[in-house]
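See below for my_file-v1.csv, which holds CSV, C-alpha atoms.
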```
chain,number,residue,atom,x,y,z
A,20,MET,CA,-44.7,73.6,7.2
A,21,LYS,CA,-46.8,70.7,8.2
A,22,LYS,CA,-46.6,69.3,4.6
A,23,LEU,CA,-42.8,69.5,4.7
A,24,GLN,CA,-42.8,67.7,8.0
A,25,GLN,CA,-45.1,65.1,6.6
A,26,LYS,CA,-42.9,64.6,3.6
A,27,ILE,CA,-39.8,64.2,5.8
A,28,PHE,CA,-41.7,61.8,8.0
A,29,ASN,CA,-42.9,59.7,5.0
A,30,LEU,CA,-39.4,59.7,3.5
A,31,GLY,CA,-38.0,58.5,6.8
A,32,MET,CA,-40.5,55.7,7.2
A,33,ALA,CA,-39.9,54.6,3.6
A,34,CYS,CA,-36.1,54.4,4.4
A,35,VAL,CA,-36.9,52.3,7.5
A,36,PHE,CA,-39.2,49.9,5.5
A,37,ILE,CA,-36.5,49.5,2.8
A,38,PHE,CA,-33.8,48.8,5.3
A,39,VAL,CA,-36.0,46.3,7.2
A,40,GLY,CA,-36.9,44.7,3.9
A,41,MET,CA,-33.2,44.3,3.0
A,42,LEU,CA,-32.5,42.6,6.3
A,43,LEU,CA,-35.4,40.2,6.0
A,44,TYR,CA,-35.1,39.3,2.3
A,45,ARG,CA,-31.4,39.5,1.5
A,46,GLU,CA,-29.9,36.3,0.0
A,47,PRO,CA,-28.0,34.1,2.5
A,48,ALA,CA,-24.3,34.3,2.1
A,49,SER,CA,-22.8,31.3,0.4
A,50,GLU,CA,-21.4,28.8,2.8
A,51,SER,CA,-17.6,28.4,2.7
A,52,VAL,CA,-16.4,24.9,1.9
A,53,PHE,CA,-13.7,23.5,4.2
A,54,THR,CA,-11.3,21.3,2.4
A,55,GLU,CA,-8.9,19.3,4.6
A,56,LYS,CA,-5.3,19.6,3.6
A,57,LYS,CA,-3.7,16.6,1.9
A,58,TYR,CA,-0.1,15.5,2.5
A,59,VAL,CA,2.3,13.2,0.7
A,60,ALA,CA,5.9,12.3,1.5
A,61,LEU,CA,8.5,12.5,-1.2
A,62,THR,CA,11.6,10.4,-0.9
A,63,TYR,CA,14.8,10.0,-2.9
A,64,ASP,CA,17.0,6.9,-2.8
A,65,ASP,CA,20.7,6.3,-3.6
A,66,GLY,CA,22.2,9.8,-3.3
A,67,PRO,CA,23.8,12.1,-2.9
A,68,SER,CA,24.8,12.7,-6.5
A,69,ARG,CA,26.9,15.6,-7.9
A,70,LEU,CA,24.7,15.3,-11.0
A,71,THR,CA,21.3,15.9,-9.5
A,72,THR,CA,21.2,16.5,-5.7
A,73,GLN,CA,21.8,20.2,-5.8
A,74,ALA,CA,19.1,20.7,-8.4
A,75,LEU,CA,16.6,18.6,-6.4
A,76,VAL,CA,17.2,20.7,-3.3
A,77,GLU,CA,16.7,23.9,-5.2
A,78,LEU,CA,13.4,22.7,-6.6
A,79,LEU,CA,12.2,21.7,-3.2
A,80,ASN,CA,13.1,25.2,-1.9
A,81,LYS,CA,11.4,26.8,-4.9
A,82,TYR,CA,8.1,25.1,-4.2
A,83,ASP,CA,8.3,25.3,-0.4
A,84,ALA,CA,8.4,21.5,-0.2
A,85,SER,CA,10.6,19.0,1.6
A,86,ALA,CA,11.7,15.4,1.2
A,87,THR,CA,13.5,12.5,2.8
A,88,PHE,CA,16.8,11.6,1.1
A,89,PHE,CA,17.7,7.9,1.8
A,90,ILE,CA,21.5,8.1,1.4
A,91,ASN,CA,24.1,5.4,0.8
A,92,GLY,CA,27.2,5.7,2.9
A,93,ASN,CA,29.6,5.1,0.0
A,94,HIS,CA,28.0,8.0,-1.9
A,95,ALA,CA,28.0,10.2,1.2
A,96,ASN,CA,31.7,9.7,1.6
A,97,GLU,CA,32.2,10.9,-2.0
A,98,ASN,CA,29.9,13.9,-1.5
A,99,LYS,CA,30.2,15.0,2.1
A,100,GLU,CA,29.2,18.6,1.6
A,101,LEU,CA,26.0,17.6,-0.2
A,102,VAL,CA,24.8,15.5,2.8
A,103,LYS,CA,25.0,18.6,5.0
A,104,HIS,CA,23.4,20.8,2.3
A,105,ILE,CA,20.4,18.5,2.0
A,106,TYR,CA,19.8,18.7,5.8
A,107,GLU,CA,20.5,22.4,6.2
A,108,ASN,CA,17.8,23.2,3.5
A,109,GLY,CA,15.0,21.7,5.6
A,110,ASN,CA,15.1,18.1,4.3
A,111,GLU,CA,15.4,14.8,6.2
A,112,ILE,CA,18.3,12.4,6.0
A,113,GLY,CA,17.4,8.7,5.9
A,114,ASN,CA,19.5,5.6,6.0
A,115,HIS,CA,19.9,3.4,2.8
A,116,THR,CA,22.8,1.3,4.2
A,117,LEU,CA,26.6,1.8,3.7
A,118,ASP,CA,26.9,-0.1,0.5
A,119,HIS,CA,23.3,-0.7,-0.9
A,120,VAL,CA,23.3,-4.4,0.1
A,121,TRP,CA,20.6,-7.0,0.1
A,122,LEU,CA,19.9,-7.2,3.8
A,123,THR,CA,18.2,-10.6,3.8
A,124,LYS,CA,21.4,-12.1,2.3
A,125,ALA,CA,23.7,-10.5,4.9
A,126,SER,CA,24.8,-11.9,8.3
A,127,GLN,CA,23.5,-10.2,11.4
A,128,GLU,CA,26.9,-8.7,12.0
A,129,GLU,CA,26.9,-7.2,8.5
A,130,ARG,CA,23.4,-5.9,8.8
A,131,GLU,CA,24.3,-4.0,12.0
A,132,ARG,CA,27.4,-2.6,10.3
A,133,GLN,CA,25.4,-1.5,7.2
A,134,ILE,CA,22.6,0.1,9.2
A,135,TYR,CA,24.2,1.4,12.4
A,136,GLY,CA,27.5,2.3,10.7
A,137,ASN,CA,25.7,4.3,8.0
A,138,GLU,CA,23.5,6.1,10.6
A,139,SER,CA,26.6,7.2,12.6
A,140,LEU,CA,28.3,8.4,9.4
A,141,LEU,CA,25.2,10.4,8.2
A,142,GLN,CA,24.7,11.9,11.6
A,143,PHE,CA,28.3,13.1,11.6
A,144,LEU,CA,28.1,14.6,8.1
A,145,SER,CA,24.7,16.2,8.4
A,146,GLY,CA,24.3,17.2,12.0
A,147,GLN,CA,20.9,15.4,12.1
A,148,GLN,CA,20.4,13.7,15.4
A,149,GLY,CA,18.3,10.8,16.7
A,150,ASP,CA,17.3,7.5,15.1
A,151,MET,CA,17.2,7.7,11.4
A,152,LEU,CA,14.5,6.2,9.2
A,153,VAL,CA,15.8,3.2,7.2
A,154,ARG,CA,14.9,2.2,3.7
A,155,PRO,CA,16.2,-1.2,2.8
A,156,PRO,CA,17.8,-1.4,-0.6
A,157,TYR,CA,15.6,-3.1,-3.2
A,158,GLY,CA,12.9,-3.1,-0.6
A,159,ASP,CA,14.6,-6.3,0.7
A,160,ILE,CA,13.3,-6.9,4.2
A,161,ASP,CA,11.9,-9.8,6.2
A,162,GLU,CA,10.3,-10.4,9.5
A,163,ALA,CA,13.6,-11.3,11.3
A,164,ILE,CA,15.1,-8.0,10.3
A,165,LEU,CA,12.0,-6.1,11.3
A,166,LYS,CA,12.1,-7.8,14.7
A,167,ASP,CA,15.8,-7.3,15.3
A,168,PHE,CA,16.1,-3.5,14.8
A,169,ASP,CA,14.2,-0.9,16.8
A,170,LEU,CA,14.2,1.5,13.8
A,171,PRO,CA,11.4,2.5,11.4
A,172,PHE,CA,11.7,0.8,8.1
A,173,ILE,CA,10.1,3.0,5.4
A,174,MET,CA,8.8,1.5,2.2
A,175,TRP,CA,6.5,3.2,-0.2
A,176,SER,CA,2.9,3.2,-1.6
A,177,VAL,CA,3.6,5.0,-4.9
A,178,ASP,CA,6.5,3.9,-7.2
A,179,SER,CA,7.6,6.5,-9.8
A,180,ARG,CA,9.8,3.8,-11.5
A,181,ASP,CA,12.1,6.7,-12.5
A,182,TRP,CA,15.1,4.4,-12.4
A,183,GLU,CA,13.5,2.3,-15.1
A,184,VAL,CA,11.6,4.6,-17.4
A,185,LYS,CA,14.0,7.6,-17.3
A,186,ASN,CA,11.3,9.8,-18.9
A,187,ALA,CA,9.8,12.7,-17.1
A,188,THR,CA,6.3,12.3,-18.5
A,189,SER,CA,6.2,8.6,-17.7
A,190,ILE,CA,7.5,9.3,-14.2
A,191,GLN,CA,4.7,11.8,-13.6
A,192,ASP,CA,2.1,9.4,-14.9
A,193,ASN,CA,3.3,6.7,-12.6
A,194,VAL,CA,3.1,9.0,-9.6
A,195,PHE,CA,-0.4,10.4,-10.3
A,196,SER,CA,-2.0,7.2,-11.4
A,197,HIS,CA,-3.2,6.5,-7.9
A,198,ILE,CA,-2.0,9.2,-5.5
A,199,GLU,CA,-3.8,9.6,-2.2
A,200,ASP,CA,-3.5,11.6,1.0
A,201,GLY,CA,-0.9,10.0,3.2
A,202,ASP,CA,1.1,8.3,0.4
A,203,ILE,CA,4.9,7.8,0.4
A,204,ILE,CA,6.5,8.3,-3.1
A,205,ILE,CA,9.8,6.7,-4.0
A,206,MET,CA,12.1,8.4,-6.5
A,207,HIS,CA,15.8,8.2,-7.0
A,208,ASP,CA,18.7,10.7,-6.8
A,209,GLY,CA,21.0,10.4,-9.8
A,210,TYR,CA,18.8,10.7,-12.9
A,211,THR,CA,18.4,14.0,-14.9
A,212,SER,CA,14.9,12.9,-15.9
A,213,THR,CA,14.0,12.8,-12.2
A,214,ILE,CA,14.8,16.5,-11.9
A,215,GLU,CA,12.4,17.5,-14.7
A,216,ALA,CA,9.8,15.1,-13.3
A,217,THR,CA,10.1,16.5,-9.8
A,218,GLU,CA,9.4,20.1,-10.9
A,219,GLU,CA,6.2,19.0,-12.8
A,220,ILE,CA,5.1,16.8,-9.9
A,221,LEU,CA,5.6,19.7,-7.4
A,222,LYS,CA,3.6,22.0,-9.6
A,223,ARG,CA,0.7,19.6,-10.0
A,224,MET,CA,0.7,18.6,-6.3
A,225,SER,CA,0.2,22.3,-5.5
A,226,ARG,CA,-2.6,22.6,-8.0
A,227,GLU,CA,-4.4,19.5,-6.6
A,228,GLY,CA,-4.1,20.6,-3.0
A,229,PHE,CA,-1.3,18.4,-1.8
A,230,GLU,CA,1.5,19.5,0.4
A,231,VAL,CA,4.8,17.7,-0.2
A,232,VAL,CA,6.8,16.9,3.0
A,233,SER,CA,9.3,14.5,4.4
A,234,VAL,CA,8.3,11.2,5.9
A,235,SER,CA,8.7,12.3,9.5
A,236,GLU,CA,6.8,15.5,8.8
A,237,LEU,CA,4.0,13.5,7.2
A,238,PHE,CA,3.5,11.5,10.4
A,239,GLU,CA,3.8,14.6,12.6
A,240,LEU,CA,1.1,16.4,10.5
A,241,LYS,CA,-1.1,13.4,10.8
A,242,ASN,CA,-0.5,13.2,14.6
A,243,LYS,CA,0.7,9.6,14.3
A,244,GLU,CA,3.8,7.8,15.5
A,245,ILE,CA,5.9,6.0,12.9
A,246,PRO,CA,5.5,2.3,13.8
A,247,LEU,CA,8.4,0.0,14.5
A,248,HIS,CA,8.8,-3.7,13.5
A,249,GLU,CA,6.7,-3.4,10.4
A,250,LYS,CA,6.9,-2.2,6.8
A,251,VAL,CA,5.7,1.3,6.7
A,252,LYS,CA,4.2,2.1,3.3
A,253,HIS,CA,2.0,5.1,4.0
A,254,CYS,CA,0.3,7.2,6.7
A,255,ARG,CA,-3.4,6.8,6.5
```
As structure tokens, please, write out the structure in this file.
Amino acid sequence: MKKLQQKIFNLGMACVFIFVGMLLYREPASESVFTEKKYVALTYDDGPSRLTTQALVELLNKYDASATFFINGNHANENKELVKHIYENGNEIGNHTLDHVWLTKASQEERERQIYGNESLLQFLSGQQGDMLVRPPYGDIDEAILKDFDLPFIMWSVDSRDWEVKNATSIQDNVFSHIEDGDIIIMHDGYTSTIEATEEILKRMSREGFEVVSVSELFELKNKEIPLHEKVKHCR
């Protein structure tokens, strides 16, 4: 009986030593690596287009992304239902003037008509309220215009050149040649090659840890205000 008790005691002590040893000598858990989320804003100029807008909105939905569509008033009047469709699917409507004019060559009266007139039209068609972001056609802007309007003028830091190359692979190469957190990408609504390029860009952005958002969302996520009276090219 004493031998049995001794064996049980010895076995119990052995278990204790093994357990303590495991606690003392176990390998430390690997440290988790925190990776800060990266954001880029995707923008489309010159729409809406019956040829491409619907497909672009569907792709953005598919990849849980959003974009800012800088819309011309003349195209909006021809495609009223698409303006509302863009906004109702979680995207942002931006102002690209009524007639895609060179603002620096227009009179002050004409500038106001092109910008404020288009803003009123787009608000009515989309239901989006508040001051709209403005993208000057051709990137044509000067200090006088920046000073005169209390509106954010949005440029870009990454140019896809989709209007020029009209090739999906080349468009992707242009975008990813120097993409960084906080960039604003310019593309154009109206080219079928842009649809193909958009899908591949959204796939790759996801793989590389970028979230694709609208311009206003980009600044909100970065906890920054969109500045006025200057050319806004990115959100760093």
Proximity to Gln147 of chain A - best of A:Ile112, A:Ile134, A:Leu240, A:Ile198, only C-alpha atoms: A:Ile112
Segment 57-130 of chain A near segment 204-228 of chain A within 6 Å: what's each residue's closest atom pair and its distance in Å to one decimal, counting only C-alpha atoms, ordered by chain then ascending residue number, as a Markdown table?
```
| residue | atom | partner | partner_atom | distance |
| --- | --- | --- | --- | --- |
| A:Leu61 | CA | A:Ile204 | CA | 5.0 |
| A:Thr62 | CA | A:Ile205 | CA | 5.2 |
| A:Tyr63 | CA | A:His207 | CA | 4.6 |
| A:Asp64 | CA | A:His207 | CA | 4.6 |
| A:Asp65 | CA | A:Asp208 | CA | 5.8 |
| A:Gly66 | CA | A:Asp208 | CA | 5.0 |
| A:Ser68 | CA | A:Gly209 | CA | 5.5 |
| A:Thr71 | CA | A:Gly209 | CA | 5.5 |
```
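Remark: for Leu122 of chain A, the closest of the candidate residues A:Leu144, A:Leu165, A:Leu79, A:Ile90 is A:Leu165 (distances computed over all atoms listed in the file).
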Could you give me, as a PyMOL selection string, the residues that sit within 10 Å of (-5.5, 9.8, -2.7) in the file's coordinates, counting only C-alpha atoms? chain A and resi 57-59+195-202+229+255
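Picture a line from atom CA of Asp83 of chain A to atom CA of Glu230 of chain A; it runs 9.0 Å.
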What is the distance, in Å and to one decimal place, between atom CA of Glu107 of chain A and atom CA of Leu237 of chain A?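 Going from atom CA of Glu107 of chain A over to atom CA of Leu237 of chain A covers 18.8 Å.
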Distance of atom CA of His94 of chain A from atom CA of Ser179 of chain A, expressed in Å to one decimal place: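 Distance reported for this atom pair: 21.9 Å.
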Sel. within 12 Å of pt (17.7, 12.1, 16.2), counting only C-alpha atoms, output as a PyMOL selection string: chain A and resi 111-113+138-139+141-143+145-152+170+235
Using all atoms listed in the file, which protein or nucleic acid residues come within 10 Å of Glu97 of chain A? Drop anything in the same chain fewer than 4 positions from it, and give the result as an mmCIF file with C-alpha atoms, in the coordinates of the input.
```
data_model
loop_
_atom_site.group_PDB
_atom_site.id
_atom_site.type_symbol
_atom_site.label_atom_id
_atom_site.label_comp_id
_atom_site.auth_asym_id
_atom_site.auth_seq_id
_atom_site.Cartn_x
_atom_site.Cartn_y
_atom_site.Cartn_z
ATOM 1 C CA PRO A 67 23.800 12.100 -2.900
ATOM 2 C CA SER A 68 24.800 12.700 -6.500
ATOM 3 C CA ARG A 69 26.900 15.600 -7.900
ATOM 4 C CA GLY A 92 27.200 5.700 2.900
ATOM 5 C CA ASN A 93 29.600 5.100 0.000
ATOM 6 C CA LEU A 101 26.000 17.600 -0.200
ATOM 7 C CA VAL A 102 24.800 15.500 2.800
#
```
Check the smallest atom-to-atom distance from each of A:Val231, A:Cys254, A:Val184, A:Val194 to Ser85 of chain A using all atoms listed in the file, then report the winner.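 Closest residue, counting all atoms listed in the file: A:Val231.
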Using all atoms listed in the file, determine which residues lie at most 7 Å from Asn137 of chain A, disregarding the query and same-chain residues fewer than 6 positions distant; provide the list as a list in words.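 Residues near the query, excluding close chain neighbours: Gly92, Asn114, Thr116 and Leu117 of chain A.
Minimum distance to Phe88 of chain A across A:Ser233, A:Asn242, A:Thr123, A:Ser189 (counting all atoms listed in the file) occurs at A:Ser233.
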Fewer than 3 positions away in the same chain doesn't count, so skip those; otherwise give me all residues within 7 Å of Arg154 of chain A, counting all atoms listed in the file, as a PyMOL selection string. chain A and resi 89+114-115+172-174
Selection to disk with C-alpha atoms, as a PDB file, in the frame of the given file:
```pdb
ATOM      1  CA  PHE A  89      17.700   7.900   1.800  1.00  0.00           C
ATOM      2  CA  ASN A 114      19.500   5.600   6.000  1.00  0.00           C
ATOM      3  CA  HIS A 115      19.900   3.400   2.800  1.00  0.00           C
ATOM      4  CA  PHE A 172      11.700   0.800   8.100  1.00  0.00           C
ATOM      5  CA  ILE A 173      10.100   3.000   5.400  1.00  0.00           C
ATOM      6  CA  MET A 174       8.800   1.500   2.200  1.00  0.00           C
TER       7      MET A 174
END
```
Using the atoms already present, construct N, CA, C and O atoms for segment 129-142 of chain A and hand them back as an mmCIF file, keeping the file's coordinate frame.
```
data_model
loop_
_atom_site.group_PDB
_atom_site.id
_atom_site.type_symbol
_atom_site.label_atom_id
_atom_site.label_comp_id
_atom_site.auth_asym_id
_atom_site.auth_seq_id
_atom_site.Cartn_x
_atom_site.Cartn_y
_atom_site.Cartn_z
ATOM 1 N N GLU A 129 26.834 -8.148 9.667
ATOM 2 C CA GLU A 129 26.900 -7.200 8.500
ATOM 3 C C GLU A 129 25.736 -6.316 8.436
ATOM 4 O O GLU A 129 25.876 -5.143 8.083
ATOM 5 N N ARG A 130 24.561 -6.793 8.782
ATOM 6 C CA ARG A 130 23.400 -5.900 8.800
ATOM 7 C C ARG A 130 23.575 -4.770 9.773
ATOM 8 O O ARG A 130 23.266 -3.623 9.455
ATOM 9 N N GLU A 131 24.091 -5.086 10.951
ATOM 10 C CA GLU A 131 24.300 -4.000 12.000
ATOM 11 C C GLU A 131 25.344 -3.033 11.471
ATOM 12 O O GLU A 131 25.187 -1.817 11.674
ATOM 13 N N ARG A 132 26.380 -3.523 10.819
ATOM 14 C CA ARG A 132 27.400 -2.600 10.300
ATOM 15 C C ARG A 132 26.804 -1.713 9.212
ATOM 16 O O ARG A 132 27.049 -0.503 9.184
ATOM 17 N N GLN A 133 26.021 -2.298 8.328
ATOM 18 C CA GLN A 133 25.400 -1.500 7.200
ATOM 19 C C GLN A 133 24.448 -0.483 7.718
ATOM 20 O O GLN A 133 24.410 0.627 7.195
ATOM 21 N N ILE A 134 23.672 -0.820 8.732
ATOM 22 C CA ILE A 134 22.600 0.100 9.200
ATOM 23 C C ILE A 134 23.178 1.076 10.253
ATOM 24 O O ILE A 134 23.095 2.305 10.078
ATOM 25 N N TYR A 135 23.750 0.554 11.327
ATOM 26 C CA TYR A 135 24.200 1.400 12.400
ATOM 27 C C TYR A 135 25.472 2.226 11.955
ATOM 28 O O TYR A 135 25.648 3.397 12.331
ATOM 29 N N GLY A 136 26.323 1.596 11.156
ATOM 30 C CA GLY A 136 27.500 2.300 10.700
ATOM 31 C C GLY A 136 27.120 3.471 9.777
ATOM 32 O O GLY A 136 27.688 4.565 9.881
ATOM 33 N N ASN A 137 26.132 3.253 8.917
ATOM 34 C CA ASN A 137 25.700 4.300 8.000
ATOM 35 C C ASN A 137 24.984 5.433 8.818
ATOM 36 O O ASN A 137 25.159 6.622 8.540
ATOM 37 N N GLU A 138 24.209 5.051 9.813
ATOM 38 C CA GLU A 138 23.500 6.100 10.600
ATOM 39 C C GLU A 138 24.551 6.970 11.310
ATOM 40 O O GLU A 138 24.399 8.203 11.292
ATOM 41 N N SER A 139 25.599 6.400 11.881
ATOM 42 C CA SER A 139 26.600 7.200 12.600
ATOM 43 C C SER A 139 27.314 8.139 11.560
ATOM 44 O O SER A 139 27.564 9.318 11.865
ATOM 45 N N LEU A 140 27.615 7.621 10.383
ATOM 46 C CA LEU A 140 28.300 8.400 9.400
ATOM 47 C C LEU A 140 27.375 9.608 8.940
ATOM 48 O O LEU A 140 27.835 10.761 8.876
ATOM 49 N N LEU A 141 26.110 9.334 8.680
ATOM 50 C CA LEU A 141 25.200 10.400 8.200
ATOM 51 C C LEU A 141 24.918 11.416 9.281
ATOM 52 O O LEU A 141 24.773 12.611 8.990
ATOM 53 N N GLN A 142 24.839 10.983 10.519
ATOM 54 C CA GLN A 142 24.700 11.900 11.600
ATOM 55 C C GLN A 142 25.875 12.878 11.699
ATOM 56 O O GLN A 142 25.723 14.091 11.889
#
```
